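A.B. asks: Sharing a structure here in structure tokens format.
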Amino acid sequence: MCPADVTPNPSPDLTDLPDVRTSPPPVVRGEPVEVSDGVYVIPDNRVELVPNVGIVVGEHAALVVDTGMGPRNGDHVLEQARRLAGDRRLYLTITHFHPEHGFGAQAFKGAATIVYNAAQRAELHRKGAAYVEMFKGLSAAAAAELEGVELVDPDLVYEGRAEIDLGGRKAALRAVGPAHTGSDQVVVIDDRVLFGGDLIETRIFPIAPYFPPYDVDVDGPGWIGVLDDLIAGAPEIVVPGHGEVGGVSLIRDVRDYLDYVHGEVARLRAAGASADETAARIDEQARARWATWERPEWIGFAARAFHAGEHR
């Protein structure tokens, strides 16, 4: 559990967030799909508030990447991991602290060794309880999945980089934030398969959680820099936080969009445009330029985050 003396910030206004009230329930479903030797993904099937979940099986241990939101999803992911791993030792890690990615971790307490980076643990302590309340407000279905949720501390904490030897398969954990959050993590399997969390989405406008004054840790330029590093690593298979599995082009797509927003914000702000004027202009342009992408509600959040960053 997170320490009781941590006081959560109140939740931000939900008015401008994507409306998920009529979306399917945010439930992790289906069988794991093998995307590389020993590397499985339970696909999100493009369901709102459901992540792509990874299960990596080595000779003597297995690693789970993300859990879904709430105890029921965590139980399902643990069941699938045990089915694939048998009696192998289990590890769990989370790409970032947001509820749909890591708030099923309580199912793994005592069943797996839970590993976070130090900044991620700190961010969970600062913001986790407020994010529970915010996500409960998104829809009745989200609130139902978060019923009884407990925020879980890790068993192991690392700084910078850690490696887990699964037996014939190596998992490299890298703390790369601040970017999408203040404490993002990527997981690279055998230098071939990248689990990128919400640093990367497929045909979805990147989620920029810029909620002043409650959460302003999204770092647009830092995010672009992280994506540049990931592109240079040339992964063969890229598992995004949401959307279909693909290749390195997924990273380039997100990088190009963020670079576009960054450049337009700089141009418009230099011409005297306010944050709201800048967001409105970029929203109009980006919807046309990336017409096949979903959740354009996030465009304005990204524009405002970059605009605020110009003041830092």
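In the structure tokens, each chain is lettered A, B, ... as it comes, each chain's residues begin at 1, and ligands are numbered from 1 in order of appearance.
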Just list as a count of residues only whatever in segment 133-301 of chain A DSSP marks as strand (DSSP E or B).

C.D. replies: 39

A.B. asks: As an MDAnalysis selection string, please: every residue in segment 78-292 of chain A that a backbone DSSP assignment puts in alpha helix (DSSP H).

C.D. replies: chainID A and resid 78:85 99:102 118:136 140:145 220:232 249:270 275:289

A.B. asks: Mind pulling up the distance from atom CA of Gly70 of chain A to atom CA of Ala105 of chain A?

C.D. replies: 7.8 Å

A.B. asks: Restricting the calculation to only C-alpha atoms: of A:Val248, A:Ala118, A:Val176, A:Ile282, which residue gets closest to Ala232 of chain A?

C.D. replies: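 Answer, going by the shortest atom-to-atom distance: A:Val248.
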
A.B. asks: Mind dumping a table of every segment 104-148 of chain A residue within 12 Å of segment 213-229 of chain A, with the nearest atom pair and its distance in Å to one decimal, using only C-alpha atoms, sorted by chain and rising number, as CSV?

C.D. replies:
residue,atom,partner,partner_atom,distance
A:Ala119,CA,A:Asp217,CA,11.9
A:Glu123,CA,A:Asp217,CA,9.8
A:Arg126,CA,A:Asp215,CA,10.0
A:Lys127,CA,A:Asp215,CA,8.1
A:Gly128,CA,A:Asp215,CA,11.3
A:Ala130,CA,A:Tyr214,CA,9.1
A:Tyr131,CA,A:Asp215,CA,10.0
A:Met134,CA,A:Tyr214,CA,11.2

A.B. asks: Rounded to one decimal in Å, what is the spacing between atom CA of Ala234 of chain A and atom CA of Gln185 of chain A?

C.D. replies: 17.3 Å

A.B. asks: Please identify all polymer residues within 8 Å of Leu63 of chain A, counting only C-alpha atoms, omitting same-chain residues fewer than 4 positions from it, and present them as a ChimeraX atom specification.

C.D. replies: /A:54-57,90-93,166

A.B. asks: Can I get the selection written as a PDB file, in the first residue's frame, with all heavy atoms?

C.D. replies:
ATOM      1  N   GLY A  54       1.855  -7.445 -21.692  1.00  0.00           N
ATOM      2  CA  GLY A  54       2.915  -8.339 -22.136  1.00  0.00           C
ATOM      3  C   GLY A  54       3.192  -9.468 -21.146  1.00  0.00           C
ATOM      4  O   GLY A  54       3.100  -9.265 -19.929  1.00  0.00           O
ATOM      5  N   ILE A  55       3.517 -10.636 -21.678  1.00  0.00           N
ATOM      6  CA  ILE A  55       3.995 -11.762 -20.866  1.00  0.00           C
ATOM      7  C   ILE A  55       5.200 -12.348 -21.594  1.00  0.00           C
ATOM      8  O   ILE A  55       5.083 -12.770 -22.747  1.00  0.00           O
ATOM      9  CB  ILE A  55       2.913 -12.844 -20.676  1.00  0.00           C
ATOM     10  CG1 ILE A  55       1.649 -12.240 -20.049  1.00  0.00           C
ATOM     11  CG2 ILE A  55       3.449 -13.986 -19.813  1.00  0.00           C
ATOM     12  CD1 ILE A  55       0.474 -13.202 -20.009  1.00  0.00           C
ATOM     13  N   VAL A  56       6.346 -12.341 -20.935  1.00  0.00           N
ATOM     14  CA  VAL A  56       7.591 -12.804 -21.536  1.00  0.00           C
ATOM     15  C   VAL A  56       8.065 -14.021 -20.754  1.00  0.00           C
ATOM     16  O   VAL A  56       8.271 -13.943 -19.537  1.00  0.00           O
ATOM     17  CB  VAL A  56       8.672 -11.708 -21.499  1.00  0.00           C
ATOM     18  CG1 VAL A  56       9.926 -12.172 -22.220  1.00  0.00           C
ATOM     19  CG2 VAL A  56       8.136 -10.404 -22.108  1.00  0.00           C
ATOM     20  N   VAL A  57       8.232 -15.145 -21.450  1.00  0.00           N
ATOM     21  CA  VAL A  57       8.536 -16.410 -20.779  1.00  0.00           C
ATOM     22  C   VAL A  57       9.945 -16.870 -21.141  1.00  0.00           C
ATOM     23  O   VAL A  57      10.268 -17.058 -22.318  1.00  0.00           O
ATOM     24  CB  VAL A  57       7.513 -17.497 -21.174  1.00  0.00           C
ATOM     25  CG1 VAL A  57       7.812 -18.805 -20.443  1.00  0.00           C
ATOM     26  CG2 VAL A  57       6.092 -17.031 -20.859  1.00  0.00           C
ATOM     27  N   LEU A  90       7.716 -15.593 -11.229  1.00  0.00           N
ATOM     28  CA  LEU A  90       7.067 -14.488 -11.920  1.00  0.00           C
ATOM     29  C   LEU A  90       7.620 -13.144 -11.455  1.00  0.00           C
ATOM     30  O   LEU A  90       7.873 -12.935 -10.264  1.00  0.00           O
ATOM     31  CB  LEU A  90       5.553 -14.508 -11.659  1.00  0.00           C
ATOM     32  CG  LEU A  90       4.703 -15.549 -12.370  1.00  0.00           C
ATOM     33  CD1 LEU A  90       3.237 -15.366 -11.979  1.00  0.00           C
ATOM     34  CD2 LEU A  90       4.866 -15.474 -13.881  1.00  0.00           C
ATOM     35  N   TYR A  91       7.778 -12.234 -12.422  1.00  0.00           N
ATOM     36  CA  TYR A  91       8.067 -10.838 -12.160  1.00  0.00           C
ATOM     37  C   TYR A  91       6.949 -10.004 -12.771  1.00  0.00           C
ATOM     38  O   TYR A  91       6.334 -10.394 -13.773  1.00  0.00           O
ATOM     39  CB  TYR A  91       9.390 -10.408 -12.791  1.00  0.00           C
ATOM     40  CG  TYR A  91      10.624 -11.024 -12.184  1.00  0.00           C
ATOM     41  CD1 TYR A  91      11.111 -12.251 -12.633  1.00  0.00           C
ATOM     42  CD2 TYR A  91      11.321 -10.367 -11.163  1.00  0.00           C
ATOM     43  CE1 TYR A  91      12.253 -12.815 -12.086  1.00  0.00           C
ATOM     44  CE2 TYR A  91      12.472 -10.922 -10.618  1.00  0.00           C
ATOM     45  CZ  TYR A  91      12.923 -12.136 -11.075  1.00  0.00           C
ATOM     46  OH  TYR A  91      14.055 -12.699 -10.530  1.00  0.00           O
ATOM     47  N   LEU A  92       6.704  -8.840 -12.194  1.00  0.00           N
ATOM     48  CA  LEU A  92       5.769  -7.871 -12.757  1.00  0.00           C
ATOM     49  C   LEU A  92       6.441  -6.520 -12.795  1.00  0.00           C
ATOM     50  O   LEU A  92       7.076  -6.098 -11.818  1.00  0.00           O
ATOM     51  CB  LEU A  92       4.501  -7.771 -11.901  1.00  0.00           C
ATOM     52  CG  LEU A  92       3.566  -6.591 -12.236  1.00  0.00           C
ATOM     53  CD1 LEU A  92       2.900  -6.784 -13.595  1.00  0.00           C
ATOM     54  CD2 LEU A  92       2.514  -6.396 -11.148  1.00  0.00           C
ATOM     55  N   THR A  93       6.291  -5.829 -13.913  1.00  0.00           N
ATOM     56  CA  THR A  93       6.696  -4.428 -13.981  1.00  0.00           C
ATOM     57  C   THR A  93       5.621  -3.649 -14.723  1.00  0.00           C
ATOM     58  O   THR A  93       4.812  -4.224 -15.465  1.00  0.00           O
ATOM     59  CB  THR A  93       8.083  -4.267 -14.635  1.00  0.00           C
ATOM     60  OG1 THR A  93       8.614  -2.988 -14.313  1.00  0.00           O
ATOM     61  CG2 THR A  93       8.019  -4.435 -16.153  1.00  0.00           C
ATOM     62  N   LEU A 166      15.673 -13.979 -17.485  1.00  0.00           N
ATOM     63  CA  LEU A 166      14.552 -14.917 -17.418  1.00  0.00           C
ATOM     64  C   LEU A 166      14.962 -16.339 -17.784  1.00  0.00           C
ATOM     65  O   LEU A 166      14.145 -17.248 -17.700  1.00  0.00           O
ATOM     66  CB  LEU A 166      13.425 -14.458 -18.355  1.00  0.00           C
ATOM     67  CG  LEU A 166      12.881 -13.044 -18.100  1.00  0.00           C
ATOM     68  CD1 LEU A 166      11.879 -12.661 -19.180  1.00  0.00           C
ATOM     69  CD2 LEU A 166      12.248 -12.948 -16.721  1.00  0.00           C
TER      70      LEU A 166
END

A.B. asks: A:Glu100, A:Asp253, A:Glu48, A:Asp259: which is nearest Thr22 of chain A, counting only C-alpha atoms?

C.D. replies: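 Checking each of A:Glu100, A:Asp253, A:Glu48, A:Asp259 against Thr22 of chain A, counting only C-alpha atoms, the winner is A:Glu48.
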
A.B. asks: Excluding segment 189-192 of chain A and its own-chain neighbours fewer than 4 positions away, which residues fall within 8 Å of it when counting only C-alpha atoms? Please give them as a VMD selection string.

C.D. replies: chain A and resid 169 to 172 233 to 237

A.B. asks: Suppose you want the space between atom CA of Glu159 of chain A and atom CA of Val193 of chain A; what is it in Å?

C.D. replies: 21.7 Å

A.B. asks: Arg88 of chain A: which residues within 7 Å, counting only C-alpha atoms, same-chain residues fewer than 4 positions away excluded, as a list in words?

C.D. replies: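 The filter keeps His60, Ala61 and Ala62 of chain A.
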
A.B. asks: With all heavy atoms retained, write the just-selected residues as a CSV table (one decimal), in the first residue's frame.

C.D. replies:
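Wrote result.csv, looks like this:
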chain,number,residue,atom,x,y,z
A,60,HIS,N,13.5,-20.1,-16.9
A,60,HIS,CA,13.2,-20.3,-15.5
A,60,HIS,C,12.4,-19.2,-14.9
A,60,HIS,O,12.1,-19.3,-13.7
A,60,HIS,CB,14.5,-20.5,-14.7
A,60,HIS,CG,15.5,-19.4,-14.9
A,60,HIS,ND1,15.3,-18.1,-14.4
A,60,HIS,CD2,16.7,-19.3,-15.5
A,60,HIS,CE1,16.3,-17.3,-14.7
A,60,HIS,NE2,17.2,-18.0,-15.4
A,61,ALA,N,12.0,-18.2,-15.6
A,61,ALA,CA,11.2,-17.1,-15.1
A,61,ALA,C,10.4,-16.4,-16.2
A,61,ALA,O,10.7,-16.6,-17.4
A,61,ALA,CB,12.1,-16.1,-14.4
A,62,ALA,N,9.4,-15.7,-15.7
A,62,ALA,CA,8.5,-15.0,-16.7
A,62,ALA,C,8.3,-13.6,-16.2
A,62,ALA,O,8.2,-13.4,-14.9
A,62,ALA,CB,7.2,-15.7,-16.9

A.B. asks: Could you check which of A:Gly247, A:Gly102, A:Pro71, A:Gly272 is closest to Pro154 of chain A, using only C-alpha atoms?

C.D. replies: A:Gly102

A.B. asks: Skipping near chain neighbours, those fewer than 5 positions away, what residues fall within 8 Å of Glu297 of chain A using only C-alpha atoms, listed as a list in words?

C.D. replies: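 Once the adjacent positions are removed, what remains is Asp16, Leu17 and Pro18 of chain A.
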
A.B. asks: Once you have the residues from the selection above, write them out as a PDB file, in the first residue's frame, restricted to all heavy atoms.

C.D. replies:
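Okay, part_11.pdb is ready:
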ATOM      1  N   ASP A  16     -13.003  18.030 -20.646  1.00  0.00           N
ATOM      2  CA  ASP A  16     -12.321  17.996 -21.936  1.00  0.00           C
ATOM      3  C   ASP A  16     -11.718  16.629 -22.278  1.00  0.00           C
ATOM      4  O   ASP A  16     -11.177  16.453 -23.368  1.00  0.00           O
ATOM      5  CB  ASP A  16     -11.201  19.042 -21.962  1.00  0.00           C
ATOM      6  CG  ASP A  16     -11.744  20.459 -21.902  1.00  0.00           C
ATOM      7  OD1 ASP A  16     -12.881  20.676 -22.376  1.00  0.00           O
ATOM      8  OD2 ASP A  16     -11.040  21.352 -21.386  1.00  0.00           O
ATOM      9  N   LEU A  17     -11.791  15.679 -21.359  1.00  0.00           N
ATOM     10  CA  LEU A  17     -11.225  14.365 -21.626  1.00  0.00           C
ATOM     11  C   LEU A  17     -12.112  13.583 -22.589  1.00  0.00           C
ATOM     12  O   LEU A  17     -13.317  13.854 -22.706  1.00  0.00           O
ATOM     13  CB  LEU A  17     -11.067  13.577 -20.329  1.00  0.00           C
ATOM     14  CG  LEU A  17     -10.065  14.129 -19.309  1.00  0.00           C
ATOM     15  CD1 LEU A  17     -10.063  13.255 -18.057  1.00  0.00           C
ATOM     16  CD2 LEU A  17      -8.672  14.188 -19.900  1.00  0.00           C
ATOM     17  N   PRO A  18     -11.553  12.602 -23.304  1.00  0.00           N
ATOM     18  CA  PRO A  18     -12.384  11.767 -24.170  1.00  0.00           C
ATOM     19  C   PRO A  18     -13.543  11.154 -23.395  1.00  0.00           C
ATOM     20  O   PRO A  18     -13.391  10.700 -22.258  1.00  0.00           O
ATOM     21  CB  PRO A  18     -11.401  10.692 -24.662  1.00  0.00           C
ATOM     22  CG  PRO A  18     -10.070  11.361 -24.601  1.00  0.00           C
ATOM     23  CD  PRO A  18     -10.121  12.257 -23.392  1.00  0.00           C
TER      24      PRO A  18
END

A.B. asks: Within 6 Å of segment 199-212 of chain A, counting only C-alpha atoms, which residues qualify if same-chain residues fewer than 4 places away don't, as a PyMOL selection string?

C.D. replies: chain A and resi 180+216+240-244+293-296+298+301-302+305

A.B. asks: Generate the output file for the selected residues, N, CA and C atoms, as a PDB file, in the first residue's frame.

C.D. replies:
ATOM      1  N   HIS A 180       5.900  11.127 -21.184  1.00  0.00           N
ATOM      2  CA  HIS A 180       4.443  11.015 -21.040  1.00  0.00           C
ATOM      3  C   HIS A 180       4.032  11.235 -19.583  1.00  0.00           C
ATOM      4  N   VAL A 216       1.387  18.335 -13.974  1.00  0.00           N
ATOM      5  CA  VAL A 216       1.997  19.037 -15.108  1.00  0.00           C
ATOM      6  C   VAL A 216       3.348  18.419 -15.454  1.00  0.00           C
ATOM      7  N   PRO A 240       2.892  -0.991 -28.468  1.00  0.00           N
ATOM      8  CA  PRO A 240       2.498   0.305 -27.921  1.00  0.00           C
ATOM      9  C   PRO A 240       1.628   0.135 -26.681  1.00  0.00           C
ATOM     10  N   GLY A 241       1.404   1.234 -25.981  1.00  0.00           N
ATOM     11  CA  GLY A 241       0.512   1.163 -24.833  1.00  0.00           C
ATOM     12  C   GLY A 241      -0.897   0.799 -25.241  1.00  0.00           C
ATOM     13  N   HIS A 242      -1.338   1.341 -26.377  1.00  0.00           N
ATOM     14  CA  HIS A 242      -2.679   1.085 -26.899  1.00  0.00           C
ATOM     15  C   HIS A 242      -2.591   0.988 -28.419  1.00  0.00           C
ATOM     16  N   GLY A 243      -3.364   0.083 -28.992  1.00  0.00           N
ATOM     17  CA  GLY A 243      -3.360  -0.094 -30.437  1.00  0.00           C
ATOM     18  C   GLY A 243      -2.514  -1.270 -30.865  1.00  0.00           C
ATOM     19  N   GLU A 244      -2.520  -1.515 -32.164  1.00  0.00           N
ATOM     20  CA  GLU A 244      -1.908  -2.723 -32.706  1.00  0.00           C
ATOM     21  C   GLU A 244      -0.386  -2.721 -32.583  1.00  0.00           C
ATOM     22  N   TRP A 293      -6.561   9.042 -37.187  1.00  0.00           N
ATOM     23  CA  TRP A 293      -6.232   8.778 -35.790  1.00  0.00           C
ATOM     24  C   TRP A 293      -7.440   9.014 -34.898  1.00  0.00           C
ATOM     25  N   GLU A 294      -7.486   8.269 -33.810  1.00  0.00           N
ATOM     26  CA  GLU A 294      -8.579   8.373 -32.851  1.00  0.00           C
ATOM     27  C   GLU A 294      -8.196   9.280 -31.685  1.00  0.00           C
ATOM     28  N   ARG A 295      -9.212   9.694 -30.950  1.00  0.00           N
ATOM     29  CA  ARG A 295      -9.102  10.489 -29.723  1.00  0.00           C
ATOM     30  C   ARG A 295      -8.402  11.841 -29.937  1.00  0.00           C
ATOM     31  N   PRO A 296      -8.956  12.652 -30.866  1.00  0.00           N
ATOM     32  CA  PRO A 296      -8.374  13.978 -31.083  1.00  0.00           C
ATOM     33  C   PRO A 296      -8.528  14.909 -29.879  1.00  0.00           C
ATOM     34  N   TRP A 298      -7.101  14.705 -27.276  1.00  0.00           N
ATOM     35  CA  TRP A 298      -5.797  14.861 -26.642  1.00  0.00           C
ATOM     36  C   TRP A 298      -4.911  15.899 -27.332  1.00  0.00           C
ATOM     37  N   PHE A 301      -4.542  19.083 -25.193  1.00  0.00           N
ATOM     38  CA  PHE A 301      -3.717  18.866 -24.006  1.00  0.00           C
ATOM     39  C   PHE A 301      -2.232  18.923 -24.366  1.00  0.00           C
ATOM     40  N   ALA A 302      -1.874  18.300 -25.493  1.00  0.00           N
ATOM     41  CA  ALA A 302      -0.472  18.318 -25.917  1.00  0.00           C
ATOM     42  C   ALA A 302      -0.029  19.737 -26.249  1.00  0.00           C
ATOM     43  N   ALA A 305       0.504  21.685 -23.098  1.00  0.00           N
ATOM     44  CA  ALA A 305       1.697  21.226 -22.386  1.00  0.00           C
ATOM     45  C   ALA A 305       2.950  21.835 -23.013  1.00  0.00           C
TER      46      ALA A 305
END

A.B. asks: Of the candidates A:Pro51, A:Thr113, A:Val187, A:Ile94, which one gets nearest to Val39 of chain A if we count only C-alpha atoms?

C.D. replies: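 Distance minimum relative to Val39 of chain A lands on A:Val187.
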